[in-house]
Amino acid sequence: MKKLSFLLSLLVLAIALVGCGGGKKTVKQQVKISDIPEWFLETPKDPNYIISAASGFSRDLQMALNTATEEARVNIARELETKVSGLFKRFREEVGTGDDSEFLSQTTDVSKSVVSTTLNGTKVRKKEVKNEGGGYRVYVLMEMALGATNEALLNKIKEQKNMYTRFRASQGFQELEKDVKEYEEFKAKGGY
């Protein structure tokens with residue numbers, strides 16, 4: 001249920017972001033380093049929490065707050081679980097001989113990361129709102145207690161263990177059905 005509400009929140013945020021685009025008025029974003037909270041630039045460390053800092057900008061205060069909050073949650077999710085795919089290709093070729101030779105080289109490096117996890121117990125530790133270029137810049141420091149993370153991980157491991165046990169039981173039942181069917185066919189052919 002929490003995963004569904006998280007996904008719905010992301011969907012609402014995406015729709016709101018699309019709805020805010022395409023306006024005629026351009027908002028100029030000028031951030032002064034002195035306006036940025038120190039805890040944003042140097043994210044605090046705490047052995048009992050996963051902590052993430054993020055910011056959001058919009059002409060609408062609530063949109064700026066939602067953007068910063070969701071970005072901070074995504075950062076925490078990235079720390080917990082990220083599937084990364086990468087591709088590295090290199091092509092090298094030398095054409096010609098001697099002084100007339102030409103060396104050609106092309107390198108491509110592509111990577112993609114996908115995050116999909118359920119977060120339990122995230123909360124905003126600090127928040128600052130600044131006026132900026134006709135809009136609002138919101139800075140958020142989000143935290144998630146590691147106790148909740150460890151509990152969620154333990155539940156996930158138990159769920160996978162239960163699924164594997166059910167799979168093995170199903171596999172064993174299928175093997176038993178196959179053996180019974182082979183025995184019945186053997187009996188029908190006059191065996192025993």
# chains A, B, ... in the order shown; residues from 1 in each chain; ligands from 1
call {"tool": "residues_around", "arguments": {"residues": "Thr107 in chain A", "least_positions_apart": "6", "cutoff": "8 Å", "atoms": "only C-alpha atoms", "output": "ChimeraX atom specification"}}
result
/A:88-91
call {"tool": "residues_around", "arguments": {"residues": "range 55-69 of chain A", "least_positions_apart": "3", "cutoff": "7 Å", "atoms": "only C-alpha atoms", "output": "list in words"}}
result
Ala72, Arg73, Gly134, Gly135, Tyr136, Arg137, Val138, Tyr139 and Val140 of chain A
call {"tool": "select_by_dssp", "arguments": {"residues": "range 109-139 of chain A", "states": "strand (DSSP E)", "output": "JSON list (two decimals) with N, CA and C atoms, in the first residue's frame"}}
result
[["chain", "number", "residue", "atom", "x", "y", "z"],
["A", 109, "ASP", "N", 30.27, 5.34, -24.05],
["A", 109, "ASP", "CA", 30.06, 4.90, -22.68],
["A", 109, "ASP", "C", 28.65, 5.31, -22.27],
["A", 110, "VAL", "N", 27.79, 4.35, -22.03],
["A", 110, "VAL", "CA", 26.39, 4.61, -21.70],
["A", 110, "VAL", "C", 26.07, 3.89, -20.39],
["A", 111, "SER", "N", 25.35, 4.57, -19.52],
["A", 111, "SER", "CA", 24.90, 3.89, -18.31],
["A", 111, "SER", "C", 23.50, 4.38, -17.95],
["A", 112, "LYS", "N", 22.78, 3.53, -17.24],
["A", 112, "LYS", "CA", 21.42, 3.83, -16.83],
["A", 112, "LYS", "C", 21.22, 3.24, -15.45],
["A", 113, "SER", "N", 20.55, 3.96, -14.57],
["A", 113, "SER", "CA", 20.25, 3.41, -13.26],
["A", 113, "SER", "C", 18.74, 3.49, -13.03],
["A", 114, "VAL", "N", 18.22, 2.43, -12.43],
["A", 114, "VAL", "CA", 16.79, 2.33, -12.15],
["A", 114, "VAL", "C", 16.62, 2.06, -10.66],
["A", 122, "THR", "N", 10.44, 7.54, 6.16],
["A", 122, "THR", "CA", 11.19, 8.75, 5.80],
["A", 122, "THR", "C", 10.50, 9.96, 6.42],
["A", 123, "LYS", "N", 11.31, 10.94, 6.82],
["A", 123, "LYS", "CA", 10.73, 12.18, 7.33],
["A", 123, "LYS", "C", 11.71, 13.32, 7.10],
["A", 124, "VAL", "N", 11.16, 14.52, 6.99],
["A", 124, "VAL", "CA", 11.96, 15.71, 6.77],
["A", 124, "VAL", "C", 12.61, 16.11, 8.09],
["A", 125, "ARG", "N", 13.92, 16.19, 8.08],
["A", 125, "ARG", "CA", 14.68, 16.59, 9.28],
["A", 125, "ARG", "C", 14.80, 18.11, 9.33],
["A", 126, "LYS", "N", 15.10, 18.73, 8.17],
["A", 126, "LYS", "CA", 15.22, 20.19, 8.09],
["A", 126, "LYS", "C", 14.63, 20.65, 6.77],
["A", 127, "LYS", "N", 14.17, 21.93, 6.78],
["A", 127, "LYS", "CA", 13.60, 22.51, 5.57],
["A", 127, "LYS", "C", 13.84, 24.00, 5.60],
["A", 128, "GLU", "N", 14.23, 24.56, 4.45],
["A", 128, "GLU", "CA", 14.40, 26.01, 4.33],
["A", 128, "GLU", "C", 13.78, 26.46, 3.02],
["A", 129, "VAL", "N", 13.09, 27.60, 3.08],
["A", 129, "VAL", "CA", 12.44, 28.18, 1.89],
["A", 129, "VAL", "C", 13.08, 29.53, 1.63],
["A", 130, "LYS", "N", 13.46, 29.77, 0.37],
["A", 130, "LYS", "CA", 14.06, 31.05, -0.02],
["A", 130, "LYS", "C", 13.31, 31.61, -1.22],
["A", 131, "ASN", "N", 13.15, 32.94, -1.27],
["A", 131, "ASN", "CA", 12.64, 33.59, -2.46],
["A", 131, "ASN", "C", 13.79, 33.66, -3.46],
["A", 132, "GLU", "N", 13.47, 33.31, -4.71],
["A", 132, "GLU", "CA", 14.52, 33.28, -5.72],
["A", 132, "GLU", "C", 13.95, 33.58, -7.09],
["A", 135, "GLY", "N", 10.31, 33.12, -7.76],
["A", 135, "GLY", "CA", 9.78, 31.82, -7.33],
["A", 135, "GLY", "C", 10.32, 31.44, -5.97],
["A", 136, "TYR", "N", 10.22, 30.17, -5.67],
["A", 136, "TYR", "CA", 10.66, 29.67, -4.38],
["A", 136, "TYR", "C", 11.67, 28.55, -4.58],
["A", 137, "ARG", "N", 12.71, 28.58, -3.79],
["A", 137, "ARG", "CA", 13.69, 27.50, -3.73],
["A", 137, "ARG", "C", 13.52, 26.87, -2.36],
["A", 138, "VAL", "N", 13.24, 25.57, -2.34],
["A", 138, "VAL", "CA", 13.07, 24.84, -1.08],
["A", 138, "VAL", "C", 14.21, 23.85, -0.94],
["A", 139, "TYR", "N", 14.86, 23.87, 0.20],
["A", 139, "TYR", "CA", 15.91, 22.93, 0.55],
["A", 139, "TYR", "C", 15.36, 21.97, 1.60]]
